[in-house]
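Coordinates as given in query-v6.cif (mmCIF, C-alpha atoms):
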```cif
data_work
loop_
_atom_site.group_PDB
_atom_site.id
_atom_site.type_symbol
_atom_site.label_atom_id
_atom_site.label_comp_id
_atom_site.auth_asym_id
_atom_site.auth_seq_id
_atom_site.Cartn_x
_atom_site.Cartn_y
_atom_site.Cartn_z
ATOM 1 C CA MET A 1 110.984 89.593 267.045
ATOM 2 C CA THR A 2 114.390 87.898 266.764
ATOM 3 C CA THR A 3 115.280 85.534 269.610
ATOM 4 C CA ILE A 4 117.884 86.956 271.988
ATOM 5 C CA ALA A 5 119.978 84.070 273.329
ATOM 6 C CA LYS A 6 122.239 86.016 275.684
ATOM 7 C CA PRO A 7 122.473 89.620 276.898
ATOM 8 C CA SER A 8 125.403 90.550 274.646
ATOM 9 C CA ASP A 9 123.261 89.657 271.604
ATOM 10 C CA ARG A 10 121.477 92.939 272.253
ATOM 11 C CA ILE A 11 124.578 94.956 271.322
ATOM 12 C CA PHE A 12 125.048 96.197 267.763
ATOM 13 C CA VAL A 13 128.457 97.793 267.414
ATOM 14 C CA ALA A 14 128.466 100.827 265.121
ATOM 15 C CA LEU A 15 131.163 100.509 262.467
ATOM 16 C CA ASP A 16 131.197 104.208 261.597
ATOM 17 C CA ILE A 17 134.375 103.956 259.560
ATOM 18 C CA THR A 18 135.184 103.837 255.842
ATOM 19 C CA ASP A 19 137.842 101.133 255.588
ATOM 20 C CA VAL A 20 136.439 97.701 254.752
ATOM 21 C CA ALA A 21 139.441 95.779 256.056
ATOM 22 C CA GLU A 22 139.281 97.638 259.373
ATOM 23 C CA ALA A 23 135.545 96.977 259.635
ATOM 24 C CA VAL A 24 136.023 93.257 258.947
ATOM 25 C CA SER A 25 138.854 93.078 261.463
ATOM 26 C CA LEU A 26 136.794 94.795 264.159
ATOM 27 C CA ALA A 27 133.797 92.555 263.499
ATOM 28 C CA GLU A 28 135.939 89.438 263.760
ATOM 29 C CA LYS A 29 137.531 90.589 267.018
ATOM 30 C CA LEU A 30 134.241 91.613 268.611
ATOM 31 C CA ARG A 31 131.984 88.770 267.495
ATOM 32 C CA ASP A 32 132.137 86.965 270.853
ATOM 33 C CA TRP A 33 131.063 90.082 272.776
ATOM 34 C CA VAL A 34 128.412 91.745 270.598
ATOM 35 C CA GLY A 35 125.329 90.497 268.802
ATOM 36 C CA GLY A 36 125.748 92.294 265.497
ATOM 37 C CA VAL A 37 127.185 95.197 263.545
ATOM 38 C CA LYS A 38 125.636 98.441 262.395
ATOM 39 C CA MET A 39 126.757 99.996 259.144
ATOM 40 C CA GLY A 40 125.484 103.437 258.252
ATOM 41 C CA LYS A 41 125.836 106.216 255.719
ATOM 42 C CA GLU A 42 129.564 106.782 256.242
ATOM 43 C CA PHE A 43 130.501 103.171 255.553
ATOM 44 C CA PHE A 44 127.891 102.662 252.827
ATOM 45 C CA THR A 45 128.786 105.840 250.927
ATOM 46 C CA ALA A 46 132.437 104.808 250.855
ATOM 47 C CA ASN A 47 131.946 101.139 250.043
ATOM 48 C CA GLY A 48 128.409 100.467 248.826
ATOM 49 C CA PRO A 49 126.685 97.088 248.936
ATOM 50 C CA GLN A 50 129.970 95.311 248.233
ATOM 51 C CA GLY A 51 131.447 96.613 251.463
ATOM 52 C CA VAL A 52 128.405 95.505 253.443
ATOM 53 C CA ALA A 53 128.669 92.065 251.836
ATOM 54 C CA GLU A 54 132.322 91.770 252.889
ATOM 55 C CA VAL A 55 131.569 92.556 256.525
ATOM 56 C CA SER A 56 128.558 90.232 256.414
ATOM 57 C CA LYS A 57 130.889 87.341 255.620
ATOM 58 C CA VAL A 58 132.006 87.470 259.262
ATOM 59 C CA GLY A 59 128.626 85.913 259.971
ATOM 60 C CA MET A 60 127.123 88.481 262.340
ATOM 61 C CA PRO A 61 123.645 90.027 262.076
ATOM 62 C CA VAL A 62 123.674 93.371 260.265
ATOM 63 C CA PHE A 63 121.726 96.554 260.973
ATOM 64 C CA LEU A 64 121.835 98.573 257.739
ATOM 65 C CA ASP A 65 121.334 102.069 259.119
ATOM 66 C CA LEU A 66 120.600 104.176 256.027
ATOM 67 C CA LYS A 67 117.536 106.034 257.350
ATOM 68 C CA TRP A 68 115.711 106.243 254.038
ATOM 69 C CA HIS A 69 113.378 109.230 253.681
ATOM 70 C CA ASP A 70 111.936 109.873 250.233
ATOM 71 C CA ILE A 71 108.779 109.397 248.226
ATOM 72 C CA PRO A 72 107.112 106.037 248.987
ATOM 73 C CA ASN A 73 108.066 104.251 245.769
ATOM 74 C CA THR A 74 111.717 105.268 246.065
ATOM 75 C CA VAL A 75 111.951 104.084 249.677
ATOM 76 C CA ALA A 76 110.217 100.812 248.768
ATOM 77 C CA ALA A 77 112.714 100.296 245.948
ATOM 78 C CA ALA A 78 115.630 100.947 248.304
ATOM 79 C CA VAL A 79 114.310 98.434 250.857
ATOM 80 C CA ARG A 80 113.763 95.897 248.075
ATOM 81 C CA ALA A 81 117.291 96.446 246.756
ATOM 82 C CA SER A 82 118.752 95.871 250.228
ATOM 83 C CA GLN A 83 117.257 92.422 250.740
ATOM 84 C CA PRO A 84 119.936 90.411 248.873
ATOM 85 C CA LEU A 85 122.383 91.668 251.522
ATOM 86 C CA ASN A 86 120.256 89.915 254.189
ATOM 87 C CA PRO A 87 120.352 92.677 256.817
ATOM 88 C CA LEU A 88 118.487 91.758 259.971
ATOM 89 C CA PHE A 89 117.364 95.384 260.325
ATOM 90 C CA VAL A 90 116.905 98.332 257.968
ATOM 91 C CA ASN A 91 115.370 101.684 258.840
ATOM 92 C CA VAL A 92 113.396 104.597 257.453
ATOM 93 C CA HIS A 93 112.523 108.014 258.856
ATOM 94 C CA ALA A 94 109.078 107.780 260.443
ATOM 95 C CA SER A 95 108.560 111.446 259.580
ATOM 96 C CA GLY A 96 108.294 110.288 255.957
ATOM 97 C CA GLY A 97 104.711 109.378 256.762
ATOM 98 C CA ALA A 98 102.369 106.416 256.908
ATOM 99 C CA VAL A 99 102.273 105.637 253.181
ATOM 100 C CA MET A 100 106.052 105.656 252.887
ATOM 101 C CA MET A 101 106.449 103.354 255.889
ATOM 102 C CA ALA A 102 103.745 100.973 254.680
ATOM 103 C CA LYS A 103 105.446 100.708 251.291
ATOM 104 C CA ALA A 104 108.759 99.977 253.037
ATOM 105 C CA ALA A 105 107.164 97.192 255.086
ATOM 106 C CA GLU A 106 105.521 95.713 252.003
ATOM 107 C CA ALA A 107 108.811 95.739 250.094
ATOM 108 C CA ALA A 108 110.602 93.915 252.906
ATOM 109 C CA ALA A 109 107.805 91.344 253.131
ATOM 110 C CA GLU A 110 108.492 90.326 249.536
ATOM 111 C CA ALA A 111 111.662 88.614 250.798
ATOM 112 C CA GLY A 112 109.568 86.155 252.830
ATOM 113 C CA ASP A 113 110.880 84.522 255.980
ATOM 114 C CA LYS A 114 114.348 86.023 255.500
ATOM 115 C CA ARG A 115 113.065 89.580 255.245
ATOM 116 C CA SER A 116 114.626 92.430 257.149
ATOM 117 C CA GLN A 117 112.818 93.921 260.086
ATOM 118 C CA VAL A 118 111.985 97.529 259.230
ATOM 119 C CA LEU A 119 112.435 100.139 261.952
ATOM 120 C CA GLY A 120 111.230 103.722 262.004
ATOM 121 C CA VAL A 121 113.559 106.509 263.120
ATOM 122 C CA THR A 122 111.627 108.772 265.484
ATOM 123 C CA VAL A 123 113.657 111.786 266.667
ATOM 124 C CA LEU A 124 117.424 111.599 266.289
ATOM 125 C CA THR A 125 119.197 111.219 269.622
ATOM 126 C CA SER A 126 121.385 114.229 268.768
ATOM 127 C CA MET A 127 118.305 116.492 268.733
ATOM 128 C CA SER A 128 117.101 118.545 271.698
ATOM 129 C CA GLN A 129 113.841 120.426 272.258
ATOM 130 C CA GLU A 130 115.516 123.527 270.885
ATOM 131 C CA ASP A 131 116.397 121.641 267.718
ATOM 132 C CA LEU A 132 112.780 120.522 267.246
ATOM 133 C CA ASP A 133 111.565 124.073 267.801
ATOM 134 C CA GLY A 134 114.006 125.239 265.155
ATOM 135 C CA VAL A 135 112.469 123.031 262.466
ATOM 136 C CA GLY A 136 108.919 124.010 263.367
ATOM 137 C CA VAL A 137 107.865 120.986 265.432
ATOM 138 C CA GLU A 138 105.816 122.420 268.270
ATOM 139 C CA SER A 139 105.424 119.142 270.200
ATOM 140 C CA SER A 140 107.753 118.136 272.995
ATOM 141 C CA VAL A 141 110.446 115.629 272.076
ATOM 142 C CA LEU A 142 108.622 112.893 273.981
ATOM 143 C CA ASP A 143 105.248 113.615 272.371
ATOM 144 C CA GLN A 144 106.798 113.678 268.904
ATOM 145 C CA VAL A 145 108.636 110.393 269.490
ATOM 146 C CA VAL A 146 105.500 108.630 270.726
ATOM 147 C CA ARG A 147 103.426 110.041 267.870
ATOM 148 C CA LEU A 148 105.919 108.744 265.305
ATOM 149 C CA ALA A 149 106.282 105.373 267.061
ATOM 150 C CA LYS A 150 102.514 104.816 266.984
ATOM 151 C CA LEU A 151 102.416 105.852 263.334
ATOM 152 C CA ALA A 152 105.236 103.405 262.567
ATOM 153 C CA LYS A 153 103.432 100.544 264.272
ATOM 154 C CA ASN A 154 100.156 101.331 262.557
ATOM 155 C CA SER A 155 102.002 101.436 259.221
ATOM 156 C CA GLY A 156 103.294 97.876 259.663
ATOM 157 C CA LEU A 157 106.835 98.500 260.873
ATOM 158 C CA ASP A 158 108.506 96.091 263.293
ATOM 159 C CA GLY A 159 109.784 98.711 265.711
ATOM 160 C CA VAL A 160 111.534 102.038 266.026
ATOM 161 C CA VAL A 161 114.885 103.616 266.721
ATOM 162 C CA CYS A 162 114.542 105.841 269.765
ATOM 163 C CA SER A 163 116.425 107.324 272.678
ATOM 164 C CA ALA A 164 116.526 105.416 275.949
ATOM 165 C CA LYS A 165 114.647 108.285 277.565
ATOM 166 C CA GLU A 166 111.527 107.412 275.537
ATOM 167 C CA ILE A 167 111.475 103.638 276.038
ATOM 168 C CA THR A 168 108.824 103.559 278.758
ATOM 169 C CA ALA A 169 106.438 105.856 276.910
ATOM 170 C CA ILE A 170 106.777 103.881 273.668
ATOM 171 C CA ARG A 171 106.235 100.582 275.467
ATOM 172 C CA GLU A 172 103.025 101.957 276.944
ATOM 173 C CA ALA A 173 101.848 103.198 273.544
ATOM 174 C CA CYS A 174 102.998 100.327 271.318
ATOM 175 C CA GLY A 175 103.252 97.222 273.501
ATOM 176 C CA LYS A 176 105.968 94.721 274.309
ATOM 177 C CA ASP A 177 106.236 93.067 270.868
ATOM 178 C CA PHE A 178 107.473 96.239 269.181
ATOM 179 C CA ALA A 179 111.262 96.235 268.734
ATOM 180 C CA LEU A 180 113.175 99.136 270.262
ATOM 181 C CA MET A 181 116.647 99.816 268.872
ATOM 182 C CA VAL A 182 118.348 102.357 271.115
ATOM 183 C CA PRO A 183 121.392 104.453 270.142
ATOM 184 C CA GLY A 184 122.895 107.139 272.344
ATOM 185 C CA ILE A 185 124.176 104.467 274.719
ATOM 186 C CA ARG A 186 127.177 105.436 276.804
ATOM 187 C CA PRO A 187 128.679 103.368 279.639
ATOM 188 C CA ALA A 188 129.302 105.421 282.770
ATOM 189 C CA TRP A 189 133.027 105.289 282.027
ATOM 190 C CA ALA A 190 132.724 106.619 278.430
ATOM 191 C CA ALA A 191 132.613 110.152 277.003
ATOM 192 C CA THR A 192 129.189 111.550 276.068
ATOM 193 C CA GLY A 193 130.187 112.779 272.589
ATOM 194 C CA ASP A 194 127.508 114.467 270.443
ATOM 195 C CA GLN A 195 124.554 112.499 271.807
ATOM 196 C CA LYS A 196 122.120 114.450 274.003
ATOM 197 C CA ARG A 197 119.539 111.909 275.214
ATOM 198 C CA ILE A 198 121.738 109.125 276.569
ATOM 199 C CA MET A 199 121.690 106.270 279.086
ATOM 200 C CA THR A 200 124.018 103.506 280.255
ATOM 201 C CA PRO A 201 123.650 100.042 278.653
ATOM 202 C CA ALA A 202 122.353 98.319 281.794
ATOM 203 C CA ASP A 203 119.857 101.095 282.526
ATOM 204 C CA ALA A 204 118.556 101.032 278.937
ATOM 205 C CA ILE A 205 117.955 97.273 279.029
ATOM 206 C CA ALA A 206 116.285 97.567 282.429
ATOM 207 C CA ALA A 207 114.005 100.246 280.972
ATOM 208 C CA GLY A 208 112.907 97.897 278.200
ATOM 209 C CA ALA A 209 115.258 98.338 275.243
ATOM 210 C CA ASP A 210 115.599 95.318 272.957
ATOM 211 C CA TYR A 211 118.811 96.318 271.181
ATOM 212 C CA LEU A 212 121.571 98.828 271.855
ATOM 213 C CA VAL A 213 123.698 100.641 269.290
ATOM 214 C CA ILE A 214 127.125 101.332 270.748
ATOM 215 C CA GLY A 215 129.908 102.847 268.685
ATOM 216 C CA ARG A 216 132.728 105.007 269.956
ATOM 217 C CA PRO A 217 132.870 103.602 273.517
ATOM 218 C CA ILE A 218 133.912 100.349 271.819
ATOM 219 C CA THR A 219 135.489 101.245 268.479
ATOM 220 C CA GLN A 220 137.574 104.162 269.768
ATOM 221 C CA ALA A 221 138.647 102.485 272.989
ATOM 222 C CA ASP A 222 142.329 101.677 273.458
ATOM 223 C CA ASP A 223 141.264 98.030 273.510
ATOM 224 C CA PRO A 224 137.916 97.587 271.666
ATOM 225 C CA VAL A 225 137.611 93.936 272.670
ATOM 226 C CA GLU A 226 138.093 94.712 276.345
ATOM 227 C CA ALA A 227 135.563 97.561 276.122
ATOM 228 C CA ALA A 228 132.975 95.322 274.447
ATOM 229 C CA LYS A 229 133.650 92.576 276.987
ATOM 230 C CA LYS A 230 133.183 95.036 279.863
ATOM 231 C CA ILE A 231 129.820 96.201 278.476
ATOM 232 C CA ALA A 232 128.678 92.619 277.848
ATOM 233 C CA GLU A 233 129.566 91.687 281.422
ATOM 234 C CA GLU A 234 127.638 94.711 282.706
ATOM 235 C CA LEU A 235 124.598 93.317 280.872
ATOM 236 C CA GLY A 236 125.074 89.885 282.379
ATOM 237 C CA GLY A 237 127.241 88.113 279.814
#
```

Encoded form using structure tokens:
Amino acid sequence: MTTIAKPSDRIFVALDITDVAEAVSLAEKLRDWVGGVKMGKEFFTANGPQGVAEVSKVGMPVFLDLKWHDIPNTVAAAVRASQPLNPLFVNVHASGGAVMMAKAAEAAAEAGDKRSQVLGVTVLTSMSQEDLDGVGVESSVLDQVVRLAKLAKNSGLDGVVCSAKEITAIREACGKDFALMVPGIRPAWAATGDQKRIMTPADAIAAGADYLVIGRPITQADDPVEAAKKIAEELGG
């Protein structure tokens, strides 16, 4: 697992925007108060690898949040194609199965010491029990998350993306050396938005999260730098 030098290194700010210049500007302003940037489907669809490369020039760790879910060879090829961008983290949907995840891990390993850590997405933090029922998953949210986390670990992945509500159960099932990237993080002073299984930054770290994905409470604040600084201070600097 990557060394975490100070508490704010745990924060990955979600750049869920489409403008490259705005993303670069935000990354430059926030670099002293967050540990990295997350770029997902919205940014990548608009700007592709070139846009990711531009933001990467700021010099911050990158979480490339593309949630690949396809046949094993296609996912492996996507992971392999991402490695020249040097993302610290990439992710795949754990529901794609053991073979798909193993192929993803093998593809990342080809990059050697500079490889990305591959995370499995368990159950999206926007999903409730009713949502799982609607797609035919009869397990509880917690049981499904733990099942997928164990499958991810056994398939060679470095960790999972999960809600803060499932941290304790995953730690018990997968151990302390399994990276937990936790979205759905909302400071007590921020709006909930569309996330359903949320927790404050300090509470999530106390529960055992390794990394926090925080977007709108920072990027849509009147003063993003002040918001990031406030969260970093809540975590201890």

Checklist entry - Could you pull the residues within 12 Å of Gly35 of chain A, counting all atoms listed in the file, minus those fewer than 4 positions along the same chain, as a PyMOL selection string? => result chain A and resi 2-14+27-28+30-31+59-63+88+210-214+228-229+232+237

Could you save those same residues with C-alpha atoms as a PDB file, in the frame of the given file?
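Below is the file that was written, selection19.pdb:
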```pdb
ATOM      1  CA  THR A   2     114.390  87.898 266.764  1.00  0.00           C
ATOM      2  CA  THR A   3     115.280  85.534 269.610  1.00  0.00           C
ATOM      3  CA  ILE A   4     117.884  86.956 271.988  1.00  0.00           C
ATOM      4  CA  ALA A   5     119.978  84.070 273.329  1.00  0.00           C
ATOM      5  CA  LYS A   6     122.239  86.016 275.684  1.00  0.00           C
ATOM      6  CA  PRO A   7     122.473  89.620 276.898  1.00  0.00           C
ATOM      7  CA  SER A   8     125.403  90.550 274.646  1.00  0.00           C
ATOM      8  CA  ASP A   9     123.261  89.657 271.604  1.00  0.00           C
ATOM      9  CA  ARG A  10     121.477  92.939 272.253  1.00  0.00           C
ATOM     10  CA  ILE A  11     124.578  94.956 271.322  1.00  0.00           C
ATOM     11  CA  PHE A  12     125.048  96.197 267.763  1.00  0.00           C
ATOM     12  CA  VAL A  13     128.457  97.793 267.414  1.00  0.00           C
ATOM     13  CA  ALA A  14     128.466 100.827 265.121  1.00  0.00           C
ATOM     14  CA  ALA A  27     133.797  92.555 263.499  1.00  0.00           C
ATOM     15  CA  GLU A  28     135.939  89.438 263.760  1.00  0.00           C
ATOM     16  CA  LEU A  30     134.241  91.613 268.611  1.00  0.00           C
ATOM     17  CA  ARG A  31     131.984  88.770 267.495  1.00  0.00           C
ATOM     18  CA  GLY A  59     128.626  85.913 259.971  1.00  0.00           C
ATOM     19  CA  MET A  60     127.123  88.481 262.340  1.00  0.00           C
ATOM     20  CA  PRO A  61     123.645  90.027 262.076  1.00  0.00           C
ATOM     21  CA  VAL A  62     123.674  93.371 260.265  1.00  0.00           C
ATOM     22  CA  PHE A  63     121.726  96.554 260.973  1.00  0.00           C
ATOM     23  CA  LEU A  88     118.487  91.758 259.971  1.00  0.00           C
ATOM     24  CA  ASP A 210     115.599  95.318 272.957  1.00  0.00           C
ATOM     25  CA  TYR A 211     118.811  96.318 271.181  1.00  0.00           C
ATOM     26  CA  LEU A 212     121.571  98.828 271.855  1.00  0.00           C
ATOM     27  CA  VAL A 213     123.698 100.641 269.290  1.00  0.00           C
ATOM     28  CA  ILE A 214     127.125 101.332 270.748  1.00  0.00           C
ATOM     29  CA  ALA A 228     132.975  95.322 274.447  1.00  0.00           C
ATOM     30  CA  LYS A 229     133.650  92.576 276.987  1.00  0.00           C
ATOM     31  CA  ALA A 232     128.678  92.619 277.848  1.00  0.00           C
ATOM     32  CA  GLY A 237     127.241  88.113 279.814  1.00  0.00           C
TER      33      GLY A 237
END
```

Next on the checklist: Using all atoms listed in the file - which residues lie no farther than 9 Å from the point (131.6, 97.9, 275.1) in the file's frame? Write them as an NGL selection string.
Outcome noted: :A and (11 or 13 or 33-34 or 186-187 or 201 or 214-219 or 221 or 224-232)

Item to check | Residue members of the PyMOL selection byres ((chain A and resi 90) around 12) in the file shown, as JSON, numbers by chain | outcome: {"A": [38, 39, 40, 61, 62, 63, 64, 65, 66, 67, 68, 75, 76, 78, 79, 80, 81, 82, 83, 85, 86, 87, 88, 89, 91, 92, 93, 101, 104, 105, 107, 108, 115, 116, 117, 118, 119, 120, 121, 157, 158, 159, 160, 161, 181]}

Item to check | Among listed residues A:Ile170, A:Val24, A:Ile71, A:Ala209, nearest Val99 of chain A (using all atoms listed in the file) | outcome: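 Among the listed residues, A:Ile71 lies closest to Val99 of chain A.
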
Checklist entry - Suppose you want the space between atom CA of Ala173 of chain A and atom CA of Val141 of chain A; what is it in Å? => result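 About the pair atom CA of Ala173 of chain A and atom CA of Val141 of chain A: they are 15.2 Å apart.
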
Item to check | Coordinates-based distance that separates atom CA of Gln144 of chain A from atom CA of Thr168 of chain A (Å, one decimal) | outcome: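 Value for the atom CA of Thr168 of chain A-atom CA of Gln144 of chain A distance: 14.3 Å.
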
Checklist entry - Expanded to explicit residues, what is the PyMOL selection byres ((chain A and resi 142) around 12) for this file, as a PyMOL selection string? => result chain A and resi 122-125+127-129+132+137-141+143-149+162-170+173+197

Item to check | Residues near Thr45 of chain A, cut-off 12 Å, only C-alpha atoms, skip fewer than 3 positions along chain, as a VMD selection string | outcome: chain A and resid 16 to 20 39 to 42 48 to 52 65 to 66

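In this comparison, which uses only C-alpha atoms, the residue of A:Gly97, A:Gly134, A:Gly36, A:Gly236 approaching Ala152 of chain A most closely is A:Gly97.
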
Item to check | Counting only C-alpha atoms, the residue of A:Lys29, A:Lys176, A:Ala188, A:Glu234 that sits nearest Ala207 of chain A | outcome: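 Checking each candidate against Ala207 of chain A, we get A:Lys176 as the closest.
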